[in-house]
>>> print(open('protein_35.txt').read())   # compact mmCIF, C-alpha atoms and all ligand atoms
# COMPACT_ATOMS: atom_id res chain seq x y z
CA MET A 1 2.89 -8.02 -15.99
CA ASP A 2 1.72 -10.14 -18.82
CA SER A 3 3.92 -13.03 -18.32
CA ASP A 4 5.35 -13.82 -14.98
CA PHE A 5 8.73 -15.35 -15.47
CA ASP A 6 9.52 -13.22 -18.53
CA ASN A 7 9.36 -10.22 -16.32
CA ASN A 8 11.26 -12.05 -13.69
CA ASN A 9 14.06 -12.68 -16.11
CA VAL A 10 14.34 -9.06 -17.12
CA ILE A 11 15.43 -8.12 -13.65
CA GLU A 12 17.10 -11.42 -12.78
CA ASN A 13 20.51 -9.80 -12.65
CA VAL A 14 19.49 -6.91 -10.47
CA PRO A 15 21.55 -7.18 -7.30
CA PHE A 16 19.39 -7.22 -4.20
CA LYS A 17 19.56 -4.39 -1.80
CA LYS A 18 21.05 -5.69 1.40
CA SER A 19 18.19 -6.11 3.86
CA ASN A 20 17.98 -3.53 6.53
CA SER A 21 17.95 -5.28 9.84
CA ALA A 22 16.17 -3.88 12.85
CA SER A 23 19.54 -3.27 14.46
CA ASP A 24 20.70 -0.61 11.98
CA GLU A 25 18.18 1.50 10.08
CA GLY A 26 15.00 -0.14 11.38
CA ALA A 27 12.54 -2.17 9.39
CA GLN A 28 11.46 -1.10 5.92
CA LEU A 29 7.80 -0.15 6.18
CA TRP A 30 5.54 -1.11 3.27
CA VAL A 31 1.96 0.09 3.51
CA VAL A 32 -0.74 -1.37 1.25
CA ALA A 33 -3.83 0.77 0.63
CA SER A 34 -6.68 1.17 -1.83
CA GLY A 35 -9.44 3.60 -2.65
CA LYS A 36 -12.05 0.89 -3.01
CA GLY A 37 -12.68 -2.12 -0.77
CA GLY A 38 -12.35 -5.71 -1.88
CA VAL A 39 -9.71 -5.07 -4.55
CA GLY A 40 -7.16 -7.48 -3.10
CA LYS A 41 -5.11 -5.55 -0.51
CA THR A 42 -5.04 -8.44 1.93
CA PHE A 43 -4.25 -10.95 -0.80
CA VAL A 44 -1.46 -8.77 -2.18
CA THR A 45 0.00 -7.96 1.26
CA SER A 46 0.05 -11.62 2.30
CA SER A 47 1.53 -12.63 -1.06
CA LEU A 48 4.27 -9.99 -0.94
CA ALA A 49 5.07 -11.08 2.62
CA ILE A 50 5.30 -14.75 1.66
CA THR A 51 7.47 -13.88 -1.34
CA LEU A 52 9.86 -11.72 0.71
CA SER A 53 10.13 -14.50 3.28
CA LYS A 54 10.91 -17.01 0.51
CA LEU A 55 13.69 -14.67 -0.58
CA GLY A 56 15.16 -15.06 2.91
CA HIS A 57 14.03 -11.77 4.46
CA SER A 58 12.37 -11.59 7.86
CA VAL A 59 8.89 -10.13 7.61
CA VAL A 60 6.21 -9.03 10.05
CA VAL A 61 2.73 -8.46 8.63
CA VAL A 62 0.56 -6.09 10.66
CA ASP A 63 -3.20 -6.21 10.11
CA LEU A 64 -4.44 -2.64 10.54
CA ASP A 65 -7.77 -3.06 8.81
CA LEU A 66 -10.01 -1.31 11.32
CA SER A 67 -13.14 -2.46 9.57
CA GLY A 68 -12.44 -6.16 10.07
CA ALA A 69 -9.18 -8.04 10.40
CA ASN A 70 -8.80 -11.00 8.07
CA MET A 71 -5.08 -11.29 7.36
CA HIS A 72 -5.00 -14.45 9.49
CA THR A 73 -7.42 -16.09 7.04
CA ALA A 74 -5.31 -15.05 4.05
CA LEU A 75 -2.27 -16.60 5.75
CA GLY A 76 -4.24 -19.74 6.61
CA LEU A 77 -4.03 -19.16 10.36
CA PRO A 78 -6.63 -19.14 13.13
CA PRO A 79 -7.32 -15.72 14.69
CA SER A 80 -5.24 -14.96 17.74
CA HIS A 81 -6.67 -13.78 21.03
CA MET A 82 -3.62 -11.52 21.48
CA ASN A 83 -4.18 -8.76 19.00
CA ILE A 84 -3.55 -5.13 18.27
CA ARG A 85 -6.31 -4.08 20.65
CA HIS A 86 -3.91 -5.01 23.45
CA TYR A 87 -1.37 -2.55 22.08
CA PHE A 88 -3.90 0.29 21.94
CA GLU A 89 -5.08 -0.52 25.45
CA GLY A 90 -1.48 -0.29 26.66
CA VAL A 91 -1.37 -3.92 27.78
CA LYS A 92 1.36 -5.02 25.35
CA THR A 93 3.99 -3.45 23.18
CA LEU A 94 3.61 -4.03 19.46
CA GLN A 95 6.70 -6.25 19.48
CA GLU A 96 5.11 -8.43 22.19
CA LEU A 97 2.15 -9.07 19.88
CA VAL A 98 4.25 -10.50 17.05
CA ILE A 99 3.18 -14.10 16.50
CA PRO A 100 5.32 -16.57 14.57
CA THR A 101 3.68 -18.45 11.69
CA PRO A 102 4.54 -21.84 10.20
CA ILE A 103 5.97 -19.94 7.22
CA PRO A 104 9.72 -19.52 7.76
CA HIS A 105 10.81 -15.91 8.48
CA LEU A 106 7.20 -14.70 8.56
CA SER A 107 5.38 -13.41 11.64
CA TYR A 108 2.30 -11.31 12.04
CA VAL A 109 0.34 -9.07 14.35
CA GLN A 110 -3.32 -9.97 14.53
CA GLY A 111 -5.68 -7.09 13.81
CA PHE A 112 -8.78 -6.02 15.75
CA TRP A 113 -10.80 -9.14 16.02
CA ASP A 114 -12.53 -8.99 19.36
CA SER A 115 -13.59 -5.38 19.77
CA TRP A 116 -17.26 -4.98 19.13
CA THR A 117 -17.10 -1.21 19.37
CA PRO A 118 -16.36 1.06 16.42
CA THR A 119 -12.62 1.41 16.05
CA ASP A 120 -10.79 4.48 14.84
CA PHE A 121 -7.33 5.92 15.39
CA SER A 122 -6.72 9.36 16.75
CA TYR A 123 -3.96 11.42 15.18
CA ASP A 124 -1.80 10.90 18.28
CA GLN A 125 -2.35 7.14 18.25
CA VAL A 126 -1.08 6.95 14.68
CA GLN A 127 1.94 9.12 15.48
CA ASN A 128 2.80 6.82 18.39
CA LEU A 129 2.26 3.71 16.32
CA ILE A 130 4.59 4.71 13.47
CA PRO A 131 7.89 4.40 15.41
CA GLU A 132 6.63 1.14 16.97
CA LEU A 133 6.08 -0.31 13.49
CA LYS A 134 9.56 0.72 12.40
CA LYS A 135 11.10 -0.77 15.55
CA LEU A 136 9.66 -4.24 14.95
CA ARG A 137 12.47 -6.76 14.66
CA ALA A 138 12.30 -7.62 10.97
CA ASP A 139 13.76 -6.63 7.64
CA TYR A 140 10.31 -5.69 6.37
CA VAL A 141 7.09 -4.68 8.09
CA LEU A 142 4.05 -4.92 5.80
CA VAL A 143 0.86 -3.14 6.83
CA ASP A 144 -2.52 -4.15 5.44
CA LEU A 145 -5.03 -1.29 5.70
CA GLY A 146 -8.77 -1.09 5.30
CA ALA A 147 -10.22 0.65 2.26
CA GLY A 148 -10.38 4.36 1.60
CA ALA A 149 -8.52 7.55 2.31
CA LEU A 150 -9.03 7.83 6.08
CA GLU A 151 -6.69 10.23 7.82
CA CYS A 152 -4.86 7.42 9.62
CA HIS A 153 -4.40 5.59 6.30
CA LEU A 154 -2.94 8.71 4.69
CA GLU A 155 -0.58 9.30 7.63
CA LEU A 156 0.71 5.73 7.45
CA PHE A 157 1.00 5.99 3.68
CA LYS A 158 2.95 9.22 4.01
CA VAL A 159 5.64 7.72 6.25
CA ALA A 160 5.92 4.38 4.45
CA ASN A 161 9.13 3.47 2.67
CA GLU A 162 6.94 1.84 0.04
CA LYS A 163 3.43 3.13 -0.64
CA ILE A 164 1.61 0.41 -2.53
CA LEU A 165 -1.77 1.38 -3.93
CA ILE A 166 -3.98 -1.42 -5.23
CA SER A 167 -6.60 -0.95 -7.90
CA ASN A 168 -8.78 -3.33 -9.85
CA PRO A 169 -9.16 -2.70 -13.58
CA GLU A 170 -12.85 -1.82 -13.16
CA PRO A 171 -14.00 1.83 -13.51
CA THR A 172 -15.42 1.88 -9.97
CA SER A 173 -12.03 1.01 -8.54
CA ILE A 174 -10.08 3.27 -10.93
CA GLU A 175 -12.23 6.23 -9.94
CA LYS A 176 -11.64 5.62 -6.23
CA THR A 177 -7.92 5.14 -6.86
CA TYR A 178 -7.72 8.67 -8.28
CA ARG A 179 -9.70 9.97 -5.30
CA PHE A 180 -7.23 8.28 -2.96
CA ILE A 181 -4.28 9.83 -4.80
CA GLU A 182 -5.89 13.28 -4.65
CA SER A 183 -6.56 12.88 -0.93
CA TYR A 184 -3.01 11.73 -0.36
CA VAL A 185 -1.58 14.75 -2.19
CA CYS A 186 -3.85 17.17 -0.30
CA HIS A 187 -3.08 15.50 3.02
CA SER A 188 0.65 15.73 2.38
CA LEU A 189 0.37 19.36 1.33
CA LYS A 190 -1.59 20.25 4.44
CA ALA A 191 1.52 19.85 6.56
CA ASN A 192 3.49 21.96 4.06
CA SER A 193 1.26 24.96 3.64
CA THR A 194 -0.22 27.68 5.76
CA PRO A 195 -3.77 26.92 7.00
CA ASP A 196 -5.13 29.73 4.79
CA ALA A 197 -3.37 28.45 1.69
CA TYR A 198 -4.60 24.95 2.40
CA SER A 199 -8.25 26.02 2.80
CA LEU A 200 -7.98 28.07 -0.38
CA MET A 201 -6.62 25.07 -2.23
CA ILE A 202 -9.46 22.83 -1.02
CA SER A 203 -12.15 25.36 -1.92
CA THR A 204 -10.56 25.87 -5.34
CA LEU A 205 -10.52 22.13 -5.90
CA ARG A 206 -14.16 21.91 -4.87
CA ASP A 207 -15.20 24.71 -7.23
CA HIS A 208 -13.24 23.11 -10.00
CA ARG A 209 -14.89 19.75 -9.48
CA GLN A 210 -18.33 21.32 -9.50
CA ARG A 211 -17.60 22.97 -12.85
CA THR A 212 -15.88 20.20 -14.75
CA LEU A 213 -16.59 16.93 -13.10
CA ALA A 214 -14.79 14.95 -15.74
CA LYS A 215 -11.41 16.62 -15.68
CA PRO A 216 -8.77 16.21 -12.99
CA PHE A 217 -7.39 19.37 -11.47
CA SER A 218 -3.96 20.60 -12.47
CA PHE A 219 -2.12 20.93 -9.17
CA ARG A 220 1.02 22.08 -10.94
CA SER A 221 -0.27 25.31 -12.43
CA TYR A 222 -2.44 26.11 -9.43
CA LEU A 223 0.21 25.59 -6.77
CA LYS A 224 2.88 27.45 -8.67
CA GLU A 225 0.75 30.58 -8.56
CA GLN A 226 -0.14 30.29 -4.91
CA THR A 227 1.86 31.64 -2.05
CA GLY A 228 1.74 29.79 1.22
CA VAL A 229 2.16 26.33 -0.28
CA ASN A 230 5.58 24.72 -0.41
CA TYR A 231 5.74 23.74 -4.07
CA ASP A 232 9.17 22.10 -3.66
CA PHE A 233 7.61 19.73 -1.17
CA PHE A 234 4.96 18.84 -3.70
CA GLU A 235 7.65 17.91 -6.19
CA SER A 236 9.34 15.76 -3.56
CA LEU A 237 6.24 13.50 -3.41
CA THR A 238 7.56 12.05 -6.63
CA THR A 239 10.87 10.92 -5.16
CA ASN A 240 9.19 8.49 -2.74
CA PRO A 241 6.37 7.68 -5.13
CA VAL A 242 3.06 5.96 -4.81
CA ARG A 243 3.47 2.56 -6.46
CA LEU A 244 0.38 1.43 -8.29
CA LEU A 245 -0.43 -2.26 -8.63
CA ILE A 246 -3.34 -3.45 -10.77
CA ASN A 247 -4.78 -6.58 -9.20
CA GLY A 248 -7.15 -8.98 -10.94
CA SER A 249 -5.97 -8.34 -14.49
CA ARG A 250 -7.78 -10.37 -17.17
CA SER A 251 -6.32 -8.93 -20.37
CA GLN A 252 -3.45 -7.09 -21.98
CA SER A 253 -5.42 -3.85 -21.85
CA ASN A 254 -5.89 -4.36 -18.09
CA CYS A 255 -2.09 -4.68 -17.80
CA GLU A 256 -1.61 -1.46 -19.74
CA LEU A 257 -4.11 0.46 -17.65
CA GLY A 258 -1.46 1.30 -15.05
CA HIS A 259 0.58 3.16 -17.66
CA SER A 260 -2.41 5.33 -18.58
CA MET A 261 -3.13 6.04 -14.92
CA LYS A 262 0.49 7.01 -14.43
CA SER A 263 0.21 9.44 -17.38
CA VAL A 264 -2.95 10.98 -15.94
CA CYS A 265 -1.20 11.56 -12.62
CA ASN A 266 1.73 13.16 -14.40
CA LYS A 267 -0.35 15.32 -16.66
CA TYR A 268 -2.97 16.61 -14.25
CA TYR A 269 -1.60 16.25 -10.76
CA ASP A 270 2.06 16.75 -11.70
CA LEU A 271 2.65 13.69 -9.61
CA GLY A 272 5.12 11.03 -10.66
CA ILE A 273 3.84 7.64 -9.63
CA ASP A 274 5.42 4.29 -10.33
CA TYR A 275 3.50 1.52 -12.03
CA LEU A 276 4.58 -1.73 -10.42
CA GLY A 277 2.65 -3.93 -12.84
CA ALA A 278 -0.40 -6.16 -12.90
CA ILE A 279 -1.32 -9.32 -11.03
CA ASP A 280 -3.53 -11.70 -12.96
CA TYR A 281 -7.03 -12.63 -11.98
CA ASP A 282 -6.73 -16.29 -10.99
CA ASN A 283 -9.48 -18.55 -9.67
CA ALA A 284 -6.87 -20.29 -7.54
CA VAL A 285 -6.82 -17.19 -5.31
CA TRP A 286 -10.37 -17.37 -4.02
CA GLN A 287 -10.27 -21.17 -4.04
CA SER A 288 -7.26 -21.06 -1.71
CA VAL A 289 -8.93 -18.51 0.55
CA ARG A 290 -11.83 -20.91 0.83
CA ASN A 291 -9.40 -23.69 1.79
CA ARG A 292 -7.71 -21.38 4.35
CA GLU A 293 -4.40 -21.76 2.60
CA ALA A 294 -2.31 -19.01 1.00
CA VAL A 295 -2.27 -19.56 -2.75
CA LEU A 296 1.49 -19.00 -3.03
CA LEU A 297 2.06 -21.82 -0.56
CA ALA A 298 -0.51 -24.16 -2.10
CA GLN A 299 0.75 -23.45 -5.64
CA PRO A 300 4.28 -22.07 -5.42
CA PHE A 301 5.35 -22.49 -9.05
CA THR A 302 2.64 -20.66 -10.95
CA SER A 303 2.73 -17.52 -13.05
CA LEU A 304 1.03 -15.74 -10.16
CA ALA A 305 3.98 -16.61 -7.90
CA GLY A 306 6.32 -15.35 -10.63
CA GLN A 307 4.48 -12.03 -10.73
CA PHE A 308 4.94 -11.54 -7.01
CA PHE A 309 8.63 -12.45 -7.25
CA ALA A 310 9.05 -9.86 -10.01
CA THR A 311 7.22 -7.24 -7.95
CA CYS A 312 9.33 -7.88 -4.84
CA LYS A 313 12.55 -7.85 -6.80
CA GLN A 314 11.59 -4.52 -8.31
CA LEU A 315 10.88 -3.10 -4.87
CA ILE A 316 13.96 -4.35 -3.09
CA ALA A 317 16.39 -3.58 -5.89
CA PRO A 318 18.79 -0.73 -5.19
CA GLU A 319 17.31 2.70 -5.71
CA GLU A 320 19.26 3.45 -8.86
CA LEU A 321 18.06 0.27 -10.60
CA ARG A 322 14.39 0.68 -9.85
CA ALA A 323 11.86 1.48 -12.52
CA VAL A 324 12.18 5.12 -13.47
CA VAL A 325 9.24 7.08 -12.15
N1 LIG B 1 -5.85 -11.71 -8.33
C1 LIG B 1 -6.98 -12.26 -7.88
N2 LIG B 1 -7.60 -13.24 -8.58
C2 LIG B 1 -8.76 -13.80 -8.12
N3 LIG B 1 -9.36 -13.46 -6.96
C3 LIG B 1 -8.79 -12.49 -6.21
C4 LIG B 1 -7.58 -11.85 -6.63
N4 LIG B 1 -7.26 -10.93 -5.68
C5 LIG B 1 -8.19 -11.01 -4.73
N5 LIG B 1 -9.12 -11.93 -5.04
C6 LIG B 1 -10.30 -12.31 -4.25
O1 LIG B 1 -11.02 -11.10 -4.00
C7 LIG B 1 -11.52 -11.10 -2.68
C8 LIG B 1 -11.13 -9.82 -1.98
O2 LIG B 1 -9.72 -9.82 -1.75
P1 LIG B 1 -9.10 -9.15 -0.47
O3 LIG B 1 -9.80 -9.58 0.76
O4 LIG B 1 -7.63 -9.37 -0.55
O5 LIG B 1 -9.46 -7.62 -0.78
P2 LIG B 1 -9.25 -6.38 0.18
O6 LIG B 1 -8.93 -5.21 -0.67
O7 LIG B 1 -8.29 -6.70 1.25
O8 LIG B 1 -10.70 -6.19 0.81
P3 LIG B 1 -11.12 -5.24 2.04
O9 LIG B 1 -11.18 -3.83 1.47
O10 LIG B 1 -12.46 -5.74 2.45
O11 LIG B 1 -10.07 -5.36 3.08
C9 LIG B 1 -10.99 -12.32 -1.99
O12 LIG B 1 -12.03 -13.26 -1.89
C10 LIG B 1 -9.89 -12.84 -2.88
O13 LIG B 1 -9.85 -14.23 -2.88
MG MG B 2 -8.45 -6.61 3.33
>>> encode(input="protein_35.txt", output="structure tokens")
Amino acid sequence: MDSDFDNNNVIENVPFKKSNSASDEGAQLWVVASGKGGVGKTFVTSSLAITLSKLGHSVVVVDLDLSGANMHTALGLPPSHMNIRHYFEGVKTLQELVIPTPIPHLSYVQGFWDSWTPTDFSYDQVQNLIPELKKLRADYVLVDLGAGALECHLELFKVANEKILISNPEPTSIEKTYRFIESYVCHSLKANSTPDAYSLMISTLRDHRQRTLAKPFSFRSYLKEQTGVNYDFFESLTTNPVRLLINGSRSQSNCELGHSMKSVCNKYYDLGIDYLGAIDYDNAVWQSVRNREAVLLAQPFTSLAGQFFATCKQLIAPEELRAVV
């Protein structure tokens, strides 16, 4: 998004989707992930949450960064003793861990903050956690993950109503963003193929990468020829697409990067992704973090705030009015 409120105006007339309340369909689950660490997941998650709450929706942010919870800092809050460890130890339900914040309509669940042992989720723990997340009493539940394509990240990404993938415009981040997308596709296909077909696909991918390191693999032509893989399912990954957000944009070409990445995914992976847009690099972000104050609260009328409003409006607009994938 080059200019905040311009974009905002484009979709100003888009009628909002009526919020789903916990009482009918359950909360809408938005999961924020990235291939590389430090690209702004926590900043983006907290900013989307603040923006949704300003739009009058109830929001619960859940910090699921296993490598070190810091959502509280991004929201300008002290860490809470009651945290998600208590859920995994069976002491509390997830709902009992929801803590109100001074920001109207916004609550959060503190991540692991006082467990000095390595933390990881088992497959069963993730499967049990998913319905608990959806049952939280809110219109929207936003999950902030740690970096990388861990199995638990991919599982949460798979079930999310919105799968938001953050990349920086730097090559190191772009490269890891493609790796995340590839892992996500393979992970999703695993459940929709026979074990033999899946192993064959992985070994074929590996051989291919050894031969031509530079070129992405064409899933489309490969899968169509293979038996044992549900190709229709592969196509359905496009209907609930990964939504790419470029964070830390410093130029017009950075803003346009998302379009090229979308084309690469289409061309090589046969995967339709949605490009949500770009969020500017802004010194106010890290300055606010240092002051323990969310930038959108400290400076609510900036172009940055406009970019988050535009992003939220795009995401909560009715299906038929969303950006075409
Ligand atoms: N758009 C931006 N402009 C300027 N600084 C930013 C921007 N986005 C994030 N930052 C800064 O980059 C740093 C990393 O951001 P953040 O913690 O949100 O990344 P992360 O992806 O959550 O990292 P991790 O993988 O460690 O969880 C923070 O200090 C933040 O202030
Ligand atoms: Mg983070």
>>> atom_distance(input="protein_35.txt", atom1="atom CA of Lys262 of chain A", atom2="atom CA of Tyr178 of chain A")
10.4 Å
>>> residues_near_ligand(input="protein_35.txt", ligand="ligand MG 2 (chain B)", cutoff="6 Å", atoms="all atoms listed in the file", output="list of chain:residue names")
A:Lys41, A:Thr42, A:Gly146
>>> closest_atom_pairs(input="protein_35.txt", of="chain A", to="ligand LIG 1 (chain B)", cutoff="8 Å", atoms="only C-alpha atoms and all ligand atoms", output="tab-separated table")
residue	atom	partner	partner_atom	distance
A:Ala33	CA	B:LIG1	O6	8.0
A:Ser34	CA	B:LIG1	O6	6.9
A:Lys36	CA	B:LIG1	O9	6.6
A:Gly37	CA	B:LIG1	O9	3.2
A:Gly38	CA	B:LIG1	O8	3.2
A:Val39	CA	B:LIG1	O6	4.0
A:Gly40	CA	B:LIG1	O4	3.2
A:Lys41	CA	B:LIG1	O7	3.8
A:Thr42	CA	B:LIG1	O4	3.7
A:Phe43	CA	B:LIG1	O4	3.7
A:Val44	CA	B:LIG1	O4	6.4
A:Thr45	CA	B:LIG1	O4	8.0
A:Asp65	CA	B:LIG1	O11	6.6
A:Ser67	CA	B:LIG1	O11	7.7
A:Gly68	CA	B:LIG1	O11	7.4
A:Ala69	CA	B:LIG1	O11	7.8
A:Asn70	CA	B:LIG1	O3	7.5
A:Ala74	CA	B:LIG1	O4	7.7
A:Asp144	CA	B:LIG1	O7	7.6
A:Leu145	CA	B:LIG1	O11	7.0
A:Gly146	CA	B:LIG1	O11	5.0
A:Ala147	CA	B:LIG1	O9	4.6
A:Ile166	CA	B:LIG1	O6	7.7
A:Asn247	CA	B:LIG1	N1	5.3
A:Gly248	CA	B:LIG1	N1	4.0
A:Ser249	CA	B:LIG1	N1	7.0
A:Ile279	CA	B:LIG1	N1	5.8
A:Asp280	CA	B:LIG1	N1	5.2
A:Tyr281	CA	B:LIG1	N2	3.5
A:Asp282	CA	B:LIG1	N2	4.0
A:Asn283	CA	B:LIG1	C2	5.0
A:Ala284	CA	B:LIG1	C2	6.8
A:Val285	CA	B:LIG1	N3	4.8
A:Trp286	CA	B:LIG1	O13	3.4
A:Gln287	CA	B:LIG1	O13	7.0
A:Ser288	CA	B:LIG1	O13	7.4
A:Val289	CA	B:LIG1	O13	5.6
A:Arg290	CA	B:LIG1	O13	7.9
>>> atom_distance(input="protein_35.txt", atom1="atom CA of Gln226 of chain A", atom2="atom CA of Val264 of chain A")
22.4 Å
>>> closest_residue(input="protein_35.txt", among="A:Thr204, A:Ser263, A:Ser115, A:Thr51", to="Phe217 of chain A", atoms="all atoms listed in the file")
A:Thr204
